[in-house]
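Student: Data: coords-v5.cif, mmCIF, C-alpha atoms.
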```
data_my_file
#
loop_
_atom_site.label_atom_id
_atom_site.label_comp_id
_atom_site.auth_asym_id
_atom_site.auth_seq_id
_atom_site.Cartn_x
_atom_site.Cartn_y
_atom_site.Cartn_z
CA MET A 1 -7.39 60.30 -34.55
CA SER A 2 -5.66 59.13 -37.72
CA GLU A 3 -7.49 57.28 -40.48
CA ARG A 4 -5.66 54.08 -39.50
CA GLU A 5 -6.75 54.41 -35.88
CA MET A 6 -10.33 55.11 -36.97
CA SER A 7 -10.37 51.79 -38.84
CA LEU A 8 -8.51 49.66 -36.27
CA TRP A 9 -9.77 50.85 -32.91
CA PRO A 10 -13.37 49.61 -33.35
CA GLU A 11 -11.93 46.22 -34.36
CA PHE A 12 -9.81 46.14 -31.20
CA VAL A 13 -12.86 46.86 -29.05
CA LYS A 14 -14.86 44.12 -30.77
CA ALA A 15 -11.98 41.69 -30.34
CA LEU A 16 -11.73 42.38 -26.62
CA LYS A 17 -15.48 42.13 -26.05
CA GLN A 18 -15.75 38.85 -27.94
CA GLU A 19 -12.59 37.14 -26.69
CA VAL A 20 -12.41 38.34 -23.08
CA VAL A 21 -15.55 36.89 -21.47
CA PRO A 22 -16.44 35.05 -18.24
CA ALA A 23 -16.19 31.26 -18.33
CA LEU A 24 -16.91 28.74 -15.60
CA GLY A 25 -14.62 25.74 -15.91
CA CYS A 26 -12.32 24.53 -18.68
CA THR A 27 -13.90 25.70 -21.92
CA GLU A 28 -13.55 22.41 -23.85
CA PRO A 29 -15.75 20.26 -21.56
CA ILE A 30 -17.93 23.34 -21.06
CA SER A 31 -18.53 23.44 -24.82
CA LEU A 32 -19.84 19.86 -24.69
CA ALA A 33 -21.93 20.73 -21.62
CA LEU A 34 -23.44 23.61 -23.58
CA ALA A 35 -24.27 21.35 -26.53
CA ALA A 36 -25.96 18.93 -24.11
CA ALA A 37 -27.91 21.71 -22.38
CA LEU A 38 -29.13 23.09 -25.69
CA ALA A 39 -30.12 19.60 -26.85
CA ALA A 40 -32.00 18.93 -23.60
CA ARG A 41 -33.97 22.14 -24.02
CA GLU A 42 -34.85 21.13 -27.57
CA LEU A 43 -35.91 17.67 -26.36
CA GLY A 44 -38.22 19.17 -23.74
CA LYS A 45 -37.97 16.12 -21.46
CA THR A 46 -35.51 14.88 -18.87
CA PRO A 47 -32.68 13.11 -20.71
CA GLU A 48 -32.25 9.43 -19.91
CA ARG A 49 -29.09 8.78 -21.90
CA ILE A 50 -26.56 10.74 -23.95
CA ASP A 51 -24.43 10.00 -26.99
CA ALA A 52 -21.59 12.50 -27.44
CA TRP A 53 -18.82 13.02 -29.97
CA VAL A 54 -15.92 15.48 -29.88
CA SER A 55 -12.96 16.34 -32.07
CA ALA A 56 -9.59 14.83 -31.23
CA ASN A 57 -8.28 18.15 -29.91
CA LEU A 58 -11.33 18.66 -27.72
CA MET A 59 -10.94 15.10 -26.42
CA LYS A 60 -7.34 15.91 -25.52
CA ASN A 61 -8.32 19.07 -23.65
CA GLY A 62 -11.25 17.52 -21.81
CA MET A 63 -9.96 14.16 -20.60
CA GLY A 64 -8.17 15.25 -17.45
CA VAL A 65 -9.88 18.36 -16.14
CA THR A 66 -12.28 18.66 -13.20
CA VAL A 67 -15.75 19.91 -14.12
CA PRO A 68 -16.88 22.71 -11.74
CA GLY A 69 -19.26 21.73 -9.00
CA THR A 70 -18.91 18.01 -9.62
CA GLY A 71 -15.54 16.98 -8.20
CA THR A 72 -15.32 14.66 -11.21
CA VAL A 73 -12.91 14.66 -14.13
CA GLY A 74 -13.69 14.37 -17.83
CA LEU A 75 -16.08 14.98 -20.68
CA PRO A 76 -18.82 12.45 -19.78
CA ILE A 77 -19.72 14.22 -16.54
CA ALA A 78 -19.77 17.55 -18.39
CA ALA A 79 -22.26 16.15 -20.89
CA ALA A 80 -24.40 14.62 -18.13
CA VAL A 81 -24.69 17.66 -15.86
CA GLY A 82 -25.03 19.95 -18.87
CA ALA A 83 -28.04 17.95 -20.04
CA LEU A 84 -29.60 17.64 -16.59
CA GLY A 85 -28.90 21.05 -15.09
CA GLY A 86 -27.16 23.32 -17.57
CA ASP A 87 -28.42 26.80 -18.41
CA PRO A 88 -28.47 26.84 -22.24
CA ASP A 89 -28.57 30.65 -22.32
CA ALA A 90 -25.48 31.11 -20.14
CA LYS A 91 -22.94 30.13 -22.83
CA LEU A 92 -19.55 29.51 -21.19
CA GLU A 93 -21.19 29.76 -17.74
CA VAL A 94 -23.65 26.98 -18.63
CA LEU A 95 -22.99 25.11 -15.35
CA LYS A 96 -23.22 28.08 -13.00
CA ASN A 97 -26.55 27.03 -11.41
CA LEU A 98 -26.01 23.30 -10.89
CA THR A 99 -27.69 21.80 -7.84
CA VAL A 100 -26.46 18.96 -5.67
CA ASP A 101 -29.30 16.76 -6.93
CA GLN A 102 -28.45 17.44 -10.57
CA VAL A 103 -24.81 16.55 -9.99
CA ALA A 104 -25.84 13.34 -8.21
CA ALA A 105 -28.16 12.45 -11.09
CA GLY A 106 -25.36 13.08 -13.57
CA LYS A 107 -22.98 10.81 -11.69
CA GLN A 108 -25.65 8.12 -11.54
CA MET A 109 -26.11 8.42 -15.30
CA LEU A 110 -22.38 7.73 -15.71
CA ALA A 111 -22.47 4.82 -13.26
CA ASP A 112 -25.35 3.28 -15.21
CA GLY A 113 -23.41 3.51 -18.48
CA LYS A 114 -25.89 5.98 -19.94
CA VAL A 115 -23.27 8.37 -21.37
CA LYS A 116 -21.34 7.28 -24.46
CA LEU A 117 -18.40 9.35 -25.74
CA GLY A 118 -16.43 9.02 -28.95
CA VAL A 119 -14.06 10.90 -31.25
CA ALA A 120 -15.89 12.47 -34.18
CA ALA A 121 -14.54 12.05 -37.71
CA VAL A 122 -14.72 15.76 -38.50
CA PRO A 123 -12.22 18.25 -39.95
CA ASN A 124 -12.97 20.82 -37.24
CA ILE A 125 -10.27 21.29 -34.63
CA LEU A 126 -12.94 22.27 -32.12
CA TYR A 127 -16.12 20.19 -32.29
CA ALA A 128 -18.66 19.02 -29.70
CA GLU A 129 -21.89 17.15 -30.40
CA ALA A 130 -24.48 15.87 -27.93
CA CYS A 131 -27.50 13.70 -28.69
CA VAL A 132 -29.84 13.38 -25.69
CA TRP A 133 -32.53 10.72 -25.47
CA HIS A 134 -35.82 10.17 -23.64
CA GLY A 135 -37.23 6.83 -24.72
CA ASP A 136 -37.21 6.86 -28.52
CA GLU A 137 -37.18 10.66 -28.74
CA CYS A 138 -33.92 12.52 -29.25
CA ALA A 139 -32.46 15.95 -29.84
CA ARG A 140 -29.00 16.68 -31.21
CA VAL A 141 -26.84 19.83 -31.10
CA ALA A 142 -23.41 20.32 -32.65
CA ILE A 143 -20.95 23.12 -31.87
CA ALA A 144 -17.90 23.80 -34.06
CA ASP A 145 -14.95 26.14 -34.58
CA ALA A 146 -15.67 28.23 -31.47
CA HIS A 147 -16.86 27.13 -28.04
CA THR A 148 -20.39 28.52 -28.37
CA ASN A 149 -20.88 28.40 -32.16
CA VAL A 150 -23.90 26.16 -32.83
CA ILE A 151 -23.88 24.77 -36.37
CA ARG A 152 -26.61 22.09 -36.20
CA VAL A 153 -29.81 21.41 -34.26
CA GLU A 154 -32.05 18.37 -34.80
CA ARG A 155 -35.11 16.93 -33.07
CA ASN A 156 -36.24 13.40 -33.85
CA GLY A 157 -34.34 13.49 -37.14
CA GLU A 158 -35.77 16.84 -38.27
CA VAL A 159 -33.08 19.40 -38.99
CA LEU A 160 -34.02 22.68 -37.32
CA LEU A 161 -30.73 24.51 -37.92
CA LYS A 162 -27.85 23.72 -40.24
CA ARG A 163 -24.83 25.88 -40.85
CA GLU A 164 -22.10 24.10 -42.77
CA ALA A 165 -18.60 25.17 -41.75
CA ALA A 166 -17.86 26.60 -45.18
CA ASP A 167 -21.07 28.63 -45.24
CA ALA A 168 -21.37 29.65 -41.61
CA LYS A 169 -20.69 33.21 -40.66
CA PRO A 170 -17.53 33.48 -38.57
CA VAL A 171 -18.10 33.90 -34.86
CA GLU A 172 -15.21 36.37 -34.65
CA ASN A 173 -16.59 39.24 -36.72
CA TYR A 174 -13.56 41.42 -36.07
CA ASP A 175 -10.52 41.70 -38.30
CA LEU A 176 -7.00 42.19 -36.95
CA GLY A 177 -5.32 41.12 -40.18
CA ASP A 178 -3.69 44.49 -40.86
CA ALA A 179 -2.86 45.25 -37.24
CA THR A 180 0.62 45.30 -35.74
CA ALA A 181 1.84 45.03 -32.17
CA ARG A 182 2.54 48.75 -32.28
CA ASP A 183 -1.08 49.42 -33.27
CA VAL A 184 -2.24 47.39 -30.26
CA TYR A 185 0.11 49.35 -27.98
CA ASP A 186 -1.07 52.71 -29.30
CA PHE A 187 -4.70 51.73 -28.83
CA ALA A 188 -4.26 50.51 -25.26
CA THR A 189 -2.28 53.57 -24.20
CA ARG A 190 -4.24 56.26 -26.06
CA ALA A 191 -7.86 55.16 -26.54
CA PRO A 192 -10.50 56.97 -24.49
CA LEU A 193 -10.87 55.20 -21.16
CA GLU A 194 -14.58 54.59 -21.66
CA MET A 195 -13.76 52.38 -24.66
CA ILE A 196 -11.77 49.91 -22.56
CA ASP A 197 -13.07 50.37 -19.01
CA PHE A 198 -14.92 47.02 -19.15
CA ILE A 199 -11.61 45.15 -19.10
CA HIS A 200 -11.32 45.90 -15.37
CA ASP A 201 -13.73 43.01 -14.79
CA ALA A 202 -10.85 40.68 -15.66
CA ALA A 203 -8.96 41.86 -12.59
CA VAL A 204 -12.02 41.39 -10.37
CA LEU A 205 -12.91 37.86 -11.53
CA ASN A 206 -9.41 36.43 -11.78
CA SER A 207 -8.27 37.97 -8.49
CA ALA A 208 -11.19 36.22 -6.79
CA LEU A 209 -10.02 32.93 -8.34
CA ALA A 210 -6.50 33.59 -7.08
CA ASP A 211 -7.79 34.18 -3.56
CA GLU A 212 -9.79 30.96 -3.74
CA GLY A 213 -6.79 29.04 -5.04
CA MET A 214 -4.60 30.24 -2.18
CA SER A 215 -6.80 28.18 0.14
CA GLY A 216 -4.84 25.15 -1.07
CA LYS A 217 -7.96 23.07 -1.74
CA TYR A 218 -7.70 22.76 -5.52
CA GLY A 219 -5.70 20.85 -8.09
CA LEU A 220 -2.00 20.57 -7.32
CA HIS A 221 -2.32 23.60 -4.97
CA ILE A 222 0.90 25.00 -6.43
CA GLY A 223 0.22 28.61 -5.48
CA ALA A 224 -0.42 27.70 -1.85
CA THR A 225 2.64 25.44 -1.83
CA LEU A 226 4.87 28.23 -3.10
CA GLN A 227 3.51 30.52 -0.40
CA ARG A 228 4.30 27.96 2.29
CA GLN A 229 7.86 27.67 0.98
CA ILE A 230 8.21 31.44 1.17
CA GLU A 231 7.12 31.30 4.80
CA ALA A 232 9.57 28.44 5.39
CA GLY A 233 12.42 30.46 3.93
CA LEU A 234 12.96 28.22 0.90
CA LEU A 235 11.80 30.96 -1.49
CA SER A 236 12.34 34.69 -1.24
CA GLU A 237 9.45 37.07 -0.75
CA GLY A 238 9.33 39.58 -3.61
CA LEU A 239 7.53 40.70 -6.74
CA LEU A 240 8.43 37.60 -8.77
CA SER A 241 7.21 35.24 -6.05
CA ARG A 242 3.95 37.18 -5.73
CA ILE A 243 3.42 36.99 -9.50
CA LEU A 244 3.99 33.24 -9.44
CA THR A 245 1.88 32.43 -6.38
CA ARG A 246 -1.19 34.48 -7.26
CA THR A 247 -1.22 33.63 -10.95
CA THR A 248 -0.72 29.93 -10.30
CA ALA A 249 -3.28 29.88 -7.49
CA ALA A 250 -5.94 31.19 -9.87
CA SER A 251 -5.15 28.36 -12.28
CA ASP A 252 -5.15 25.83 -9.42
CA ALA A 253 -8.70 26.88 -8.54
CA ARG A 254 -9.91 26.99 -12.10
CA MET A 255 -8.53 23.57 -13.07
CA GLY A 256 -9.43 22.02 -9.73
CA GLY A 257 -13.18 22.63 -10.11
CA ALA A 258 -13.81 25.86 -8.21
CA THR A 259 -17.30 27.21 -8.84
CA LEU A 260 -16.07 30.71 -9.66
CA PRO A 261 -15.85 32.05 -13.21
CA ALA A 262 -12.57 33.03 -14.82
CA MET A 263 -12.29 35.92 -17.23
CA SER A 264 -11.13 34.02 -20.29
CA ASN A 265 -9.08 35.05 -23.30
CA SER A 266 -9.47 33.49 -26.75
CA GLY A 267 -11.72 30.75 -25.38
CA SER A 268 -9.50 29.75 -22.45
CA GLY A 269 -9.78 30.55 -18.76
CA ASN A 270 -6.10 29.79 -18.19
CA GLN A 271 -5.14 32.16 -20.96
CA GLY A 272 -7.32 34.81 -19.34
CA ILE A 273 -5.66 34.19 -15.97
CA ALA A 274 -2.18 34.31 -17.53
CA ALA A 275 -2.98 37.62 -19.24
CA THR A 276 -4.48 39.14 -16.10
CA MET A 277 -2.85 38.17 -12.83
CA PRO A 278 0.82 39.12 -13.47
CA VAL A 279 -0.43 42.55 -14.57
CA VAL A 280 -2.62 42.91 -11.48
CA VAL A 281 0.24 41.97 -9.14
CA VAL A 282 2.69 44.40 -10.77
CA ALA A 283 0.03 47.14 -10.73
CA GLU A 284 -0.38 46.61 -6.99
CA HIS A 285 3.41 46.73 -6.55
CA VAL A 286 3.77 50.10 -8.32
CA LYS A 287 0.55 51.40 -6.74
CA ALA A 288 -0.99 52.07 -10.14
CA ASP A 289 -4.28 53.93 -10.28
CA ARG A 290 -7.38 52.41 -11.86
CA GLU A 291 -6.82 53.90 -15.31
CA THR A 292 -3.21 52.74 -15.46
CA LEU A 293 -4.28 49.21 -14.53
CA ILE A 294 -7.06 49.22 -17.11
CA ARG A 295 -4.70 50.30 -19.89
CA ALA A 296 -2.14 47.67 -18.92
CA LEU A 297 -4.86 44.98 -18.87
CA ALA A 298 -6.19 46.12 -22.25
CA LEU A 299 -2.66 45.93 -23.66
CA SER A 300 -2.09 42.48 -22.18
CA HIS A 301 -5.37 40.94 -23.29
CA LEU A 302 -5.31 42.49 -26.74
CA ILE A 303 -1.70 41.42 -27.41
CA ALA A 304 -2.75 37.91 -26.34
CA VAL A 305 -5.71 37.99 -28.76
CA TYR A 306 -3.53 39.47 -31.53
CA ILE A 307 -1.01 36.65 -31.18
CA HIS A 308 -3.70 33.97 -30.89
CA THR A 309 -5.30 35.05 -34.18
CA ARG A 310 -2.09 33.77 -35.80
CA LEU A 311 -2.52 30.34 -34.16
CA PRO A 312 -4.98 27.44 -34.58
CA LYS A 313 -7.91 27.50 -32.16
CA LEU A 314 -6.44 24.41 -30.47
CA SER A 315 -3.01 22.97 -31.19
CA ALA A 316 0.05 21.28 -29.73
CA LEU A 317 1.38 24.68 -28.65
CA CYS A 318 0.39 25.65 -25.11
CA ALA A 319 -1.40 28.97 -25.63
CA VAL A 320 -0.84 29.99 -22.01
CA THR A 321 2.60 30.95 -23.31
CA THR A 322 1.18 33.43 -25.81
CA ALA A 323 -1.27 34.84 -23.27
CA SER A 324 1.70 35.40 -20.98
CA MET A 325 3.36 37.37 -23.77
CA GLY A 326 0.43 39.73 -23.37
CA ALA A 327 1.09 39.87 -19.65
CA ALA A 328 4.74 40.71 -20.35
CA ALA A 329 3.55 43.64 -22.46
CA GLY A 330 1.29 44.85 -19.65
CA MET A 331 4.02 44.47 -17.01
CA ALA A 332 6.56 46.29 -19.19
CA GLN A 333 4.15 49.19 -19.61
CA LEU A 334 3.48 49.37 -15.86
CA LEU A 335 7.23 49.49 -15.23
CA ASN A 336 7.56 52.42 -17.67
CA GLY A 337 9.36 50.44 -20.35
CA GLY A 338 7.32 51.80 -23.26
CA TYR A 339 6.82 50.09 -26.59
CA GLN A 340 10.46 49.15 -27.01
CA ALA A 341 10.42 47.08 -23.81
CA VAL A 342 7.09 45.54 -24.81
CA SER A 343 8.39 44.35 -28.18
CA MET A 344 11.70 43.15 -26.72
CA ALA A 345 9.98 41.15 -23.99
CA ILE A 346 7.63 39.41 -26.44
CA SER A 347 10.54 38.46 -28.68
CA SER A 348 12.49 37.04 -25.75
CA MET A 349 9.51 34.98 -24.65
CA ILE A 350 9.14 33.50 -28.13
CA GLY A 351 12.77 32.48 -27.86
CA ASP A 352 12.11 30.99 -24.43
CA LEU A 353 8.73 29.24 -24.58
CA ALA A 354 8.06 28.35 -28.22
CA GLY A 355 8.39 24.60 -27.61
CA MET A 356 5.98 24.22 -24.68
CA ILE A 357 3.37 21.62 -25.61
CA CYS A 358 -0.31 21.40 -24.76
CA ASP A 359 -1.00 17.88 -23.49
CA GLY A 360 -4.60 18.51 -22.56
CA ALA A 361 -6.34 20.46 -19.85
CA SER A 362 -5.57 19.20 -16.36
CA ASN A 363 -4.36 20.31 -12.94
CA SER A 364 -0.82 20.39 -14.31
CA CYS A 365 -1.78 23.35 -16.51
CA ALA A 366 -1.09 25.46 -13.44
CA MET A 367 2.57 24.43 -13.78
CA LYS A 368 2.63 25.82 -17.32
CA VAL A 369 0.90 28.99 -16.12
CA SER A 370 3.61 29.40 -13.46
CA THR A 371 6.43 28.79 -15.95
CA SER A 372 4.97 31.26 -18.45
CA ALA A 373 4.39 33.96 -15.85
CA GLY A 374 7.98 33.60 -14.67
CA SER A 375 9.25 33.76 -18.22
CA GLY A 376 7.24 36.91 -18.82
CA TYR A 377 8.65 38.74 -15.83
CA LYS A 378 12.20 37.59 -16.69
CA ALA A 379 11.76 38.87 -20.25
CA VAL A 380 10.52 42.22 -18.95
CA LEU A 381 13.52 42.60 -16.66
CA MET A 382 15.83 41.82 -19.58
CA ALA A 383 14.05 44.38 -21.75
CA LEU A 384 14.30 47.07 -19.09
CA ASP A 385 18.05 46.38 -19.10
CA GLY A 386 18.18 46.67 -22.90
CA THR A 387 18.57 42.93 -23.57
CA ARG A 388 16.46 40.57 -25.71
CA VAL A 389 16.67 37.41 -27.75
CA THR A 390 17.73 38.79 -31.12
CA GLY A 391 16.76 38.05 -34.68
CA ASN A 392 19.95 36.07 -35.10
CA GLU A 393 18.67 33.33 -32.79
CA GLY A 394 16.24 30.52 -33.60
CA ILE A 395 12.76 31.41 -34.83
CA VAL A 396 12.97 34.92 -33.38
CA ALA A 397 13.19 37.76 -35.93
CA HIS A 398 14.44 41.31 -35.53
CA ASP A 399 10.85 42.57 -35.88
CA VAL A 400 8.36 41.45 -33.20
CA ASP A 401 5.50 40.98 -35.67
CA VAL A 402 7.63 38.68 -37.79
CA SER A 403 8.56 36.74 -34.65
CA ILE A 404 4.86 36.32 -33.88
CA ALA A 405 4.20 35.18 -37.45
CA ASN A 406 7.01 32.64 -37.16
CA LEU A 407 5.47 31.29 -33.96
CA GLY A 408 2.16 30.95 -35.79
CA LYS A 409 3.83 28.95 -38.56
CA LEU A 410 5.39 26.64 -35.99
CA ALA A 411 2.04 25.97 -34.30
CA THR A 412 0.02 25.69 -37.51
CA GLN A 413 2.38 23.68 -39.68
CA GLY A 414 5.31 22.37 -37.70
CA MET A 415 3.47 20.92 -34.69
CA ALA A 416 0.61 19.08 -36.42
CA GLN A 417 2.25 15.67 -36.03
CA THR A 418 3.20 16.52 -32.45
CA ASP A 419 -0.48 17.12 -31.68
CA THR A 420 -1.45 13.72 -33.10
CA GLN A 421 1.26 11.97 -31.10
CA ILE A 422 0.28 13.71 -27.85
CA LEU A 423 -3.33 12.55 -28.21
CA GLN A 424 -2.23 9.00 -29.03
CA ILE A 425 -0.07 8.85 -25.89
CA MET A 426 -2.95 10.15 -23.79
CA MET A 427 -5.47 7.74 -25.30
CA ASP A 428 -3.10 4.79 -24.70
CA LYS A 429 -3.16 5.61 -20.98
CA ARG A 430 -6.93 5.12 -20.69
#
```
Can you turn what I pasted into structure tokens?
Tutor:
Amino acid sequence: MSEREMSLWPEFVKALKQEVVPALGCTEPISLALAAALAARELGKTPERIDAWVSANLMKNGMGVTVPGTGTVGLPIAAAVGALGGDPDAKLEVLKNLTVDQVAAGKQMLADGKVKLGVAAVPNILYAEACVWHGDECARVAIADAHTNVIRVERNGEVLLKREAADAKPVENYDLGDATARDVYDFATRAPLEMIDFIHDAAVLNSALADEGMSGKYGLHIGATLQRQIEAGLLSEGLLSRILTRTTAASDARMGGATLPAMSNSGSGNQGIAATMPVVVVAEHVKADRETLIRALALSHLIAVYIHTRLPKLSALCAVTTASMGAAAGMAQLLNGGYQAVSMAISSMIGDLAGMICDGASNSCAMKVSTSAGSGYKAVLMALDGTRVTGNEGIVAHDVDVSIANLGKLATQGMAQTDTQILQIMMDKR
């Protein structure tokens, strides 16, 4: 192993283990549910009412999504059931053990006007705060910058924990600053299997979500609809259609409130699905063995993380697109394209999908997942034929890492006003 590999490979492993984790439900409302669950534990009594505040971006991503196990949309129900039945030690799976009675009590709390929600005047892009009350007693927990990063805990006005944003240790204690896409590729294809074997869990969890979504019971049931159109002869049966149906079905289930966890990526279940399911479907098509699948999944998820480190945590850019760039890398590797095809496919996708907006988490996210998965496979086919969007076109550069950096600039600087306008449009609809 070279000196460069010796320094980068442990960082890659840490990045995968921290960013590719199980999550039950959309991670923005789940973050508020976790804050409420932690506050309820600190209170030590059954909450009677809740005051909650979230950042504008978290409000955008939590307004239209179904909270698992509740059949109800939005942040208030997440806060209520988190406080009444959440497991504060389960992090992004905080709602995994909800009971029917707890859900009913949460809905009654909403009906009685006992949950208040507002936009917090904070600089954090990701922020969730819950203050739970029993009589005159209260406990408050704030989470910021990452979905499980607690920065403040109070009980009856006494500060028990305080970590100011500027002083807090970063949740992501890995460093990919000096890494390149080629470094990621070399790691995924050459690292000892035992270093990356854990990534196989992504295939298990997200495949189960896809199977659940194919029942047609969730969200816009796009995956099941596409399958019916295949059976009706309106779509052709083939590898592309299987990629679209199974990937989209997993997102249908996840956004529609299925009580199964997704393996997330960079704090998002949909990103985890987008980075996993196209790779799984192509691996099945080529009859890949377990090791080949694991290496393709490691490549996909780590490319997705690598790109996302160049983006804001939440922004106006739909990050399913960047997760699908990871999937394109994994699919290209499974189809024996090598690094050249991987880099070409990512560049073509940046040329294709750079303008897709994030207008909040909702059932329609499955449409964006479908579009991104299709773009990824199209870009792979182009790359295998020696074709790509070149550095002479748009924001795409000749070098894939520069293309990724350009995408990061677009999301960080160029789309800030877009993000504000999206939220304003959404808030005006309420």
Student: Residue by residue, what does the PyMOL selection byres ((chain A and resi 328-343) around 7) grab here? Present the result as a PyMOL selection string.
Tutor: chain A and resi 185+279+282-283+296-297+299-300+324-327+344-347+376-377+380+383-384+400
Student: Which of these, A:Ala373, A:Ile230, A:Val21, A:Leu293, has the shortest distance to Pro278 in chain A once you count all atoms listed in the file?
Tutor: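 Of A:Ala373, A:Ile230, A:Val21, A:Leu293, the one nearest Pro278 in chain A, counting all atoms listed in the file, is A:Ala373.
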Student: Between A:Ala298, A:Ile273, A:Ile77, A:Ala139, which residue has the minimum interatomic distance to Ala111 in chain A, considering all atoms listed in the file?
Tutor: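 Result for the nearest residue to Ala111 in chain A: A:Ile77.
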Student: Select all residues near (-1.6, 30.7, -7.7) (cut-off 9 Å, inclusive, file coordinates), counting only C-alpha atoms, and output them as JSON, numbers by chain.
Tutor: {"A": [209, 210, 211, 213, 214, 221, 222, 223, 224, 225, 226, 227, 242, 243, 244, 245, 246, 247, 248, 249, 250, 251, 252, 253, 366, 369, 370]}
Student: Residue by residue, what does the PyMOL selection byres ((chain A and resi 109) around 10) grab here? Present the result as a list in words.
Tutor: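 What the PyMOL selection byres ((chain A and resi 109) around 10) grabs from the file is Pro47, Glu48, Arg49, Ile50, Pro76, Ile77, Ala80, Val81, Leu84, Val103, Ala104, Ala105, Gly106, Lys107, Gln108, Leu110, Ala111, Asp112, Gly113, Lys114 and Val115 of chain A.
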Student: Restricting the calculation to only C-alpha atoms: of A:His285, A:Arg295, A:Arg140, A:Lys378, which residue gets closest to Ala83 in chain A?
Tutor: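 Once distances to Ala83 in chain A are computed over only C-alpha atoms, the minimum belongs to A:Arg140.
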Student: Name the residues that the PyMOL selection byres ((chain A and resi 397) around 12) pulls out of this structure, and write them as a ChimeraX atom specification.
Tutor: /A:343-344,346-348,350-351,388-396,398-407
Student: I'd like the interatomic distance between CA of Cys26 in chain A and CA of Leu43 in chain A, to a tenth of an Å.
Tutor: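 Distance between the two atoms: 25.7 Å.
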Student: Here is a test: counting all atoms listed in the file, which residue of A:Arg190, A:Lys60, A:Lys17, A:Lys162 is nearest to Leu302 in chain A?
Tutor: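 Selected residue with least distance to Leu302 in chain A: A:Lys17.
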Student: Which neighbours of Gly25 in chain A fall inside 9 Å, counting only C-alpha atoms, when residues of the same chain fewer than 6 positions from it are skipped, and could you give them as a list in words?
Tutor: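 In the requested form, the answer reads Val65, Thr66, Val67, Pro68, Leu92, Glu93, Leu95, Arg254, Met255, Gly256, Gly257, Ala258, Thr259, Leu260, Pro261, Ala262 and Gly269 of chain A.
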Student: Measuring between only C-alpha atoms, which one of A:Ala39, A:Ala56, A:Val132, A:Met195 shows the shortest distance to Asp359 in chain A?
Tutor: A:Ala56
Student: Counting only C-alpha atoms, which residue out of A:Lys14, A:His200, A:Arg155, A:Lys313 sits closest to Tyr174 in chain A?
Tutor: A:Lys14
Student: Kindly provide, as AutoDock Vina command-line options, the centre and edge lengths (Å, one decimal) of an axis-aligned box around all atoms of range 136-143 of chain A given in the file, with 3 Å on each side.
Tutor:
```
--center_x -29.1 --center_y 15.0 --center_z -30.6 --size_x 22.3 --size_y 22.3 --size_z 10.1
```
Student: Residues at most 8 Å from Ala319 in chain A, counting only C-alpha atoms, excluding those fewer than 5 positions away in the same chain, as a list of chain:residue names?
Tutor: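 Result of the neighbour search: A:Gln271, A:His308, A:Cys358.
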Student: Go ahead and compute the interatomic distance for CA of Ala146 in chain A and CA of Leu126 in chain A, in Å to one decimal.
Tutor: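 If I compute the distance from CA of Ala146 in chain A to CA of Leu126 in chain A, I get 6.6 Å.
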Student: Using all atoms listed in the file, which protein or nucleic acid residues come within 10 Å of Asp201 in chain A? Drop anything in the same chain fewer than 3 positions from it, and give the result as a ChimeraX atom specification.
Tutor: /A:20-22,197-198,204-207,263,294,297
Student: Keeping only C-alpha atoms, take the residues you just selected and write them out as a short mmCIF file (atom, residue, chain, number, x, y, z; two decimals), in the frame of the given file.
Tutor:
```
data_model
loop_
_atom_site.label_atom_id
_atom_site.label_comp_id
_atom_site.auth_asym_id
_atom_site.auth_seq_id
_atom_site.Cartn_x
_atom_site.Cartn_y
_atom_site.Cartn_z
CA VAL A 20 -12.41 38.34 -23.08
CA VAL A 21 -15.55 36.89 -21.47
CA PRO A 22 -16.44 35.05 -18.24
CA ASP A 197 -13.07 50.37 -19.01
CA PHE A 198 -14.92 47.02 -19.15
CA VAL A 204 -12.02 41.39 -10.37
CA LEU A 205 -12.91 37.86 -11.53
CA ASN A 206 -9.41 36.43 -11.78
CA SER A 207 -8.27 37.97 -8.49
CA MET A 263 -12.29 35.92 -17.23
CA ILE A 294 -7.06 49.22 -17.11
CA LEU A 297 -4.86 44.98 -18.87
#
```
